[in-house]
file run_3.cif (mmCIF, N, CA and C atoms)
data_upload
#
loop_
_atom_site.label_atom_id
_atom_site.label_comp_id
_atom_site.auth_asym_id
_atom_site.auth_seq_id
_atom_site.Cartn_x
_atom_site.Cartn_y
_atom_site.Cartn_z
N MET Z 1 80.47 103.22 103.72
CA MET Z 1 80.59 102.14 102.77
C MET Z 1 79.43 101.16 102.97
N GLN Z 2 78.78 100.87 101.90
CA GLN Z 2 77.67 99.93 101.97
C GLN Z 2 78.10 98.51 101.60
N PHE Z 3 79.07 98.39 100.69
CA PHE Z 3 79.45 97.07 100.20
C PHE Z 3 80.86 96.64 100.61
N LEU Z 4 81.80 97.56 100.62
CA LEU Z 4 83.18 97.20 100.96
C LEU Z 4 83.32 97.04 102.47
N THR Z 5 83.99 95.97 102.86
CA THR Z 5 84.31 95.70 104.25
C THR Z 5 85.83 95.61 104.35
N PHE Z 6 86.43 96.46 105.17
CA PHE Z 6 87.88 96.51 105.30
C PHE Z 6 88.36 95.68 106.48
N ASP Z 7 89.48 95.02 106.28
CA ASP Z 7 90.20 94.32 107.34
C ASP Z 7 91.59 94.93 107.41
N LEU Z 8 92.16 94.92 108.59
CA LEU Z 8 93.43 95.57 108.87
C LEU Z 8 94.45 94.55 109.34
N SER Z 9 95.67 94.67 108.83
CA SER Z 9 96.78 93.87 109.35
C SER Z 9 98.06 94.69 109.25
N ASP Z 10 98.99 94.43 110.18
CA ASP Z 10 100.27 95.14 110.22
C ASP Z 10 101.39 94.13 110.05
N ASN Z 11 102.54 94.63 109.55
CA ASN Z 11 103.72 93.77 109.52
C ASN Z 11 104.81 94.40 110.38
N ASP Z 12 105.92 93.71 110.53
CA ASP Z 12 107.01 94.17 111.39
C ASP Z 12 107.75 95.37 110.84
N ASP Z 13 107.53 95.72 109.57
CA ASP Z 13 108.22 96.84 108.94
C ASP Z 13 107.44 98.16 109.04
N GLY Z 14 106.33 98.15 109.78
CA GLY Z 14 105.53 99.36 109.93
C GLY Z 14 104.60 99.63 108.77
N VAL Z 15 104.38 98.65 107.93
CA VAL Z 15 103.46 98.79 106.81
C VAL Z 15 102.15 98.12 107.19
N THR Z 16 101.06 98.84 106.98
CA THR Z 16 99.74 98.33 107.28
C THR Z 16 99.04 97.97 105.98
N THR Z 17 98.32 96.86 106.02
CA THR Z 17 97.53 96.44 104.87
C THR Z 17 96.06 96.58 105.23
N LEU Z 18 95.35 97.26 104.35
CA LEU Z 18 93.89 97.41 104.46
C LEU Z 18 93.31 96.70 103.26
N GLU Z 19 92.57 95.65 103.53
CA GLU Z 19 92.00 94.86 102.45
C GLU Z 19 90.48 94.96 102.49
N ALA Z 20 89.90 95.39 101.38
CA ALA Z 20 88.45 95.52 101.27
C ALA Z 20 87.93 94.44 100.35
N LEU Z 21 86.88 93.78 100.78
CA LEU Z 21 86.28 92.71 100.01
C LEU Z 21 84.80 93.00 99.80
N ALA Z 22 84.32 92.66 98.64
CA ALA Z 22 82.88 92.72 98.36
C ALA Z 22 82.57 91.61 97.36
N SER Z 23 81.52 90.89 97.63
CA SER Z 23 81.06 89.84 96.72
C SER Z 23 79.57 90.03 96.54
N THR Z 24 79.18 90.38 95.31
CA THR Z 24 77.79 90.74 95.05
C THR Z 24 77.32 90.16 93.73
N SER Z 25 76.03 90.25 93.53
CA SER Z 25 75.46 89.90 92.23
C SER Z 25 75.84 90.99 91.23
N ALA Z 26 75.67 90.69 89.96
CA ALA Z 26 75.98 91.65 88.91
C ALA Z 26 75.20 92.95 89.09
N GLU Z 27 74.01 92.84 89.64
CA GLU Z 27 73.14 93.99 89.86
C GLU Z 27 73.80 95.08 90.71
N HIS Z 28 74.64 94.70 91.67
CA HIS Z 28 75.27 95.65 92.58
C HIS Z 28 76.72 95.96 92.25
N HIS Z 29 77.24 95.38 91.19
CA HIS Z 29 78.66 95.54 90.87
C HIS Z 29 79.03 97.01 90.65
N ALA Z 30 78.22 97.76 89.95
CA ALA Z 30 78.54 99.17 89.68
C ALA Z 30 78.62 99.96 90.99
N GLN Z 31 77.78 99.65 91.96
CA GLN Z 31 77.82 100.34 93.25
C GLN Z 31 79.10 100.00 94.01
N VAL Z 32 79.52 98.75 93.93
CA VAL Z 32 80.78 98.35 94.57
C VAL Z 32 81.94 99.10 93.94
N MET Z 33 81.96 99.15 92.62
CA MET Z 33 83.06 99.82 91.94
C MET Z 33 83.05 101.33 92.22
N ALA Z 34 81.89 101.90 92.44
CA ALA Z 34 81.80 103.32 92.81
C ALA Z 34 82.45 103.54 94.18
N GLU Z 35 82.24 102.61 95.11
CA GLU Z 35 82.88 102.71 96.42
C GLU Z 35 84.39 102.57 96.30
N VAL Z 36 84.84 101.63 95.48
CA VAL Z 36 86.28 101.46 95.24
C VAL Z 36 86.85 102.77 94.70
N GLN Z 37 86.18 103.35 93.72
CA GLN Z 37 86.66 104.60 93.12
C GLN Z 37 86.69 105.74 94.13
N GLU Z 38 85.70 105.77 95.01
CA GLU Z 38 85.66 106.80 96.05
C GLU Z 38 86.89 106.71 96.97
N VAL Z 39 87.24 105.50 97.37
CA VAL Z 39 88.42 105.31 98.23
C VAL Z 39 89.69 105.68 97.47
N LEU Z 40 89.82 105.22 96.24
CA LEU Z 40 91.02 105.54 95.46
C LEU Z 40 91.12 107.03 95.16
N ASP Z 41 90.01 107.68 94.85
CA ASP Z 41 90.03 109.12 94.62
C ASP Z 41 90.52 109.86 95.86
N TRP Z 42 90.01 109.43 97.03
CA TRP Z 42 90.46 110.04 98.28
C TRP Z 42 91.97 109.87 98.45
N ALA Z 43 92.48 108.66 98.24
CA ALA Z 43 93.91 108.38 98.42
C ALA Z 43 94.76 109.23 97.47
N TRP Z 44 94.34 109.31 96.21
CA TRP Z 44 95.09 110.11 95.23
C TRP Z 44 95.06 111.59 95.60
N GLN Z 45 93.93 112.08 96.13
CA GLN Z 45 93.84 113.48 96.52
C GLN Z 45 94.69 113.79 97.75
N GLN Z 46 94.68 112.90 98.72
CA GLN Z 46 95.40 113.13 99.97
C GLN Z 46 96.91 112.87 99.86
N PHE Z 47 97.30 111.92 99.02
CA PHE Z 47 98.70 111.51 98.88
C PHE Z 47 99.06 111.39 97.40
N PRO Z 48 98.97 112.50 96.65
CA PRO Z 48 99.11 112.44 95.20
C PRO Z 48 100.51 112.07 94.69
N HIS Z 49 101.52 112.36 95.47
CA HIS Z 49 102.89 112.15 94.98
C HIS Z 49 103.63 111.04 95.71
N SER Z 50 102.90 110.25 96.50
CA SER Z 50 103.60 109.21 97.27
C SER Z 50 102.94 107.84 97.09
N HIS Z 51 102.47 107.56 95.87
CA HIS Z 51 101.89 106.26 95.54
C HIS Z 51 103.00 105.37 95.00
N GLY Z 52 103.12 104.18 95.56
CA GLY Z 52 104.12 103.23 95.10
C GLY Z 52 104.53 102.32 96.24
N PRO Z 53 105.50 101.46 95.98
CA PRO Z 53 105.92 100.47 96.98
C PRO Z 53 106.46 101.09 98.27
N ALA Z 54 106.06 100.51 99.38
CA ALA Z 54 106.52 100.98 100.69
C ALA Z 54 108.03 100.85 100.83
N ASP Z 55 108.61 99.81 100.24
CA ASP Z 55 110.06 99.62 100.37
C ASP Z 55 110.85 100.66 99.56
N GLU Z 56 110.14 101.49 98.80
CA GLU Z 56 110.77 102.61 98.09
C GLU Z 56 110.43 103.94 98.77
N GLY Z 57 109.87 103.86 99.99
CA GLY Z 57 109.57 105.04 100.78
C GLY Z 57 108.25 105.71 100.46
N MET Z 58 107.40 105.05 99.71
CA MET Z 58 106.11 105.65 99.36
C MET Z 58 105.09 105.44 100.49
N ASP Z 59 104.06 106.30 100.51
CA ASP Z 59 103.06 106.24 101.57
C ASP Z 59 101.98 105.21 101.33
N TRP Z 60 101.68 104.91 100.07
CA TRP Z 60 100.58 103.98 99.82
C TRP Z 60 100.72 103.33 98.46
N ASP Z 61 100.12 102.17 98.37
CA ASP Z 61 100.06 101.44 97.11
C ASP Z 61 98.74 100.70 97.11
N HIS Z 62 98.35 100.23 95.95
CA HIS Z 62 97.07 99.50 95.89
C HIS Z 62 97.11 98.41 94.83
N ASP Z 63 96.21 97.47 95.00
CA ASP Z 63 96.00 96.40 94.04
C ASP Z 63 94.49 96.17 94.00
N LEU Z 64 93.94 96.09 92.80
CA LEU Z 64 92.51 95.86 92.63
C LEU Z 64 92.31 94.61 91.80
N GLN Z 65 91.54 93.68 92.34
CA GLN Z 65 91.22 92.44 91.65
C GLN Z 65 89.70 92.35 91.50
N VAL Z 66 89.24 92.05 90.30
CA VAL Z 66 87.81 91.86 90.04
C VAL Z 66 87.65 90.53 89.32
N ASN Z 67 86.82 89.68 89.89
CA ASN Z 67 86.58 88.36 89.30
C ASN Z 67 85.08 88.13 89.18
N VAL Z 68 84.69 87.56 88.05
CA VAL Z 68 83.30 87.16 87.87
C VAL Z 68 83.25 85.66 88.06
N GLU Z 69 82.48 85.24 89.06
CA GLU Z 69 82.38 83.83 89.40
C GLU Z 69 81.12 83.24 88.76
N ALA Z 70 80.97 81.97 88.90
CA ALA Z 70 79.81 81.27 88.34
C ALA Z 70 78.52 81.95 88.78
N GLY Z 71 77.59 82.03 87.87
CA GLY Z 71 76.30 82.62 88.19
C GLY Z 71 76.32 84.14 88.21
N GLU Z 72 77.32 84.73 87.55
CA GLU Z 72 77.40 86.19 87.47
C GLU Z 72 77.67 86.87 88.81
N TRP Z 73 78.25 86.15 89.75
CA TRP Z 73 78.63 86.72 91.04
C TRP Z 73 79.95 87.46 90.86
N HIS Z 74 80.04 88.69 91.36
CA HIS Z 74 81.23 89.52 91.21
C HIS Z 74 81.98 89.63 92.54
N ALA Z 75 83.24 89.28 92.53
CA ALA Z 75 84.09 89.40 93.72
C ALA Z 75 85.12 90.50 93.46
N VAL Z 76 85.18 91.48 94.35
CA VAL Z 76 86.10 92.60 94.23
C VAL Z 76 86.98 92.63 95.47
N THR Z 77 88.29 92.73 95.25
CA THR Z 77 89.24 92.86 96.35
C THR Z 77 90.09 94.09 96.08
N LEU Z 78 90.06 95.04 97.01
CA LEU Z 78 90.92 96.22 96.95
C LEU Z 78 91.88 96.13 98.11
N THR Z 79 93.16 96.04 97.80
CA THR Z 79 94.19 95.96 98.84
C THR Z 79 95.00 97.25 98.81
N LEU Z 80 95.04 97.91 99.96
CA LEU Z 80 95.84 99.12 100.14
C LEU Z 80 96.95 98.80 101.13
N THR Z 81 98.16 99.20 100.82
CA THR Z 81 99.24 99.14 101.80
C THR Z 81 99.61 100.58 102.10
N GLY Z 82 99.90 100.85 103.37
CA GLY Z 82 100.15 102.24 103.72
C GLY Z 82 101.11 102.45 104.87
N SER Z 83 101.72 103.61 104.83
CA SER Z 83 102.58 104.05 105.92
C SER Z 83 101.70 104.45 107.11
N ALA Z 84 102.33 104.73 108.23
CA ALA Z 84 101.59 105.14 109.42
C ALA Z 84 100.78 106.40 109.15
N ARG Z 85 101.35 107.36 108.43
CA ARG Z 85 100.60 108.60 108.18
C ARG Z 85 99.45 108.39 107.22
N PHE Z 86 99.61 107.49 106.25
CA PHE Z 86 98.50 107.17 105.35
C PHE Z 86 97.37 106.51 106.13
N VAL Z 87 97.71 105.56 106.97
CA VAL Z 87 96.70 104.83 107.73
C VAL Z 87 95.98 105.75 108.71
N GLU Z 88 96.71 106.65 109.35
CA GLU Z 88 96.09 107.62 110.26
C GLU Z 88 95.07 108.48 109.50
N ALA Z 89 95.44 108.95 108.33
CA ALA Z 89 94.52 109.76 107.51
C ALA Z 89 93.33 108.92 107.05
N PHE Z 90 93.59 107.65 106.70
CA PHE Z 90 92.51 106.75 106.29
C PHE Z 90 91.50 106.58 107.43
N PHE Z 91 91.99 106.34 108.64
CA PHE Z 91 91.10 106.18 109.80
C PHE Z 91 90.27 107.44 110.02
N ALA Z 92 90.89 108.60 109.88
CA ALA Z 92 90.17 109.86 110.08
C ALA Z 92 89.06 110.02 109.04
N ALA Z 93 89.32 109.59 107.83
CA ALA Z 93 88.35 109.75 106.74
C ALA Z 93 87.27 108.66 106.74
N TRP Z 94 87.67 107.42 107.03
CA TRP Z 94 86.78 106.27 106.81
C TRP Z 94 86.44 105.48 108.07
N GLY Z 95 87.06 105.83 109.19
CA GLY Z 95 86.85 105.07 110.41
C GLY Z 95 87.86 103.94 110.51
N HIS Z 96 87.88 103.29 111.64
CA HIS Z 96 88.86 102.23 111.92
C HIS Z 96 88.26 100.88 111.55
N PRO Z 97 88.87 100.19 110.58
CA PRO Z 97 88.35 98.87 110.19
C PRO Z 97 88.65 97.80 111.23
N GLN Z 98 88.05 96.65 111.05
CA GLN Z 98 88.30 95.50 111.92
C GLN Z 98 89.67 94.93 111.60
N GLY Z 99 90.20 94.14 112.51
CA GLY Z 99 91.44 93.43 112.23
C GLY Z 99 92.42 93.49 113.34
#
call {"tool": "encode", "arguments": {"input": "run_3.cif", "output": "structure tokens"}}
result
Amino acid sequence: MQFLTFDLSDNDDGVTTLEALASTSAEHHAQVMAEVQEVLDWAWQQFPHSHGPADEGMDWDHDLQVNVEAGEWHAVTLTLTGSARFVEAFFAAWGHPQG
């Protein structure tokens, strides 16, 4: 990943949150979104039938926020929540984020 930086946090219910942030000029926005798509494509391929809320027994869920700030600055936040098996597979594919 060149633009997305992931942070890791856990809660008491065994759900891990992986939050990726990128804030770039408009010039790099397409590259950021390509990285987002790469991560989401991987998740859909690895866990195609278990996307949804953790409290419903699903392995992963996501939220994507894109905001254009003053001066054409683009802020992208990709939040993934995952079960232990999703996070283990994520680490194997993408490495262990900070947090």
call {"tool": "select_by_dssp", "arguments": {"input": "run_3.cif", "residues": "chain Z", "states": "strand (DSSP E)", "output": "VMD selection string"}}
result
chain Z and resid 5 to 10 16 to 25 60 to 69 73 to 82
call {"tool": "residues_around", "arguments": {"input": "run_3.cif", "residues": "segment 32-49 of chain Z", "least_positions_apart": "4", "cutoff": "7 Å", "atoms": "all atoms listed in the file", "output": "list in words"}}
result
Met1, Phe3, Leu4, His28, Met58 and Asp59 of chain Z
call {"tool": "closest_residue", "arguments": {"input": "run_3.cif", "among": "Z:Thr16, Z:Thr5, Z:Ser23, Z:Gln31", "to": "His74 of chain Z", "atoms": "only N, CA and C atoms"}}
result
Z:Ser23
call {"tool": "closest_residue", "arguments": {"input": "run_3.cif", "among": "Z:Ala20, Z:Ala89, Z:Val15, Z:Leu80", "to": "Asp61 of chain Z", "atoms": "all atoms listed in the file"}}
result
Z:Leu80
call {"tool": "closest_residue", "arguments": {"input": "run_3.cif", "among": "Z:Gly14, Z:Gly71, Z:Thr77, Z:Arg85", "to": "Asp55 of chain Z", "atoms": "only C-alpha atoms"}}
result
Z:Gly14
call {"tool": "atom_distance", "arguments": {"input": "run_3.cif", "atom1": "atom CA of Phe90 of chain Z", "atom2": "atom CA of Trp73 of chain Z"}}
result
28.7 Å
call {"tool": "closest_residue", "arguments": {"input": "run_3.cif", "among": "Z:Pro97, Z:Ser50, Z:Phe91, Z:Ser25", "to": "Val68 of chain Z", "atoms": "only C-alpha atoms"}}
result
Z:Ser25
call {"tool": "closest_residue", "arguments": {"input": "run_3.cif", "among": "Z:His51, Z:Asp7, Z:Gly57, Z:Glu72", "to": "Glu27 of chain Z", "atoms": "only C-alpha atoms"}}
result
Z:Glu72
call {"tool": "atom_distance", "arguments": {"input": "run_3.cif", "atom1": "atom N of Phe86 of chain Z", "atom2": "atom CA of Asn67 of chain Z"}}
result
28.7 Å
call {"tool": "atom_distance", "arguments": {"input": "run_3.cif", "atom1": "atom C of His29 of chain Z", "atom2": "atom C of Thr81 of chain Z"}}
result
23.8 Å
call {"tool": "closest_residue", "arguments": {"input": "run_3.cif", "among": "Z:Asn11, Z:Glu56, Z:Ala22, Z:Trp94", "to": "Ala75 of chain Z", "atoms": "only N, CA and C atoms"}}
result
Z:Ala22
call {"tool": "select_by_dssp", "arguments": {"input": "run_3.cif", "residues": "segment 7-39 of chain Z", "states": "alpha helix (DSSP H)", "output": "list in words"}}
result
Ala26, Glu27, His28, His29, Ala30, Gln31, Val32, Met33, Ala34, Glu35, Val36, Gln37, Glu38 and Val39 of chain Z
call {"tool": "axis_aligned_box", "arguments": {"input": "run_3.cif", "around": "segment 13-20 of chain Z", "padding_each_side": "3 Å", "output": "JSON"}}
result
{"center_x": 98.1, "center_y": 97.0, "center_z": 105.1, "size_x": 26.3, "size_y": 11.2, "size_z": 15.6}
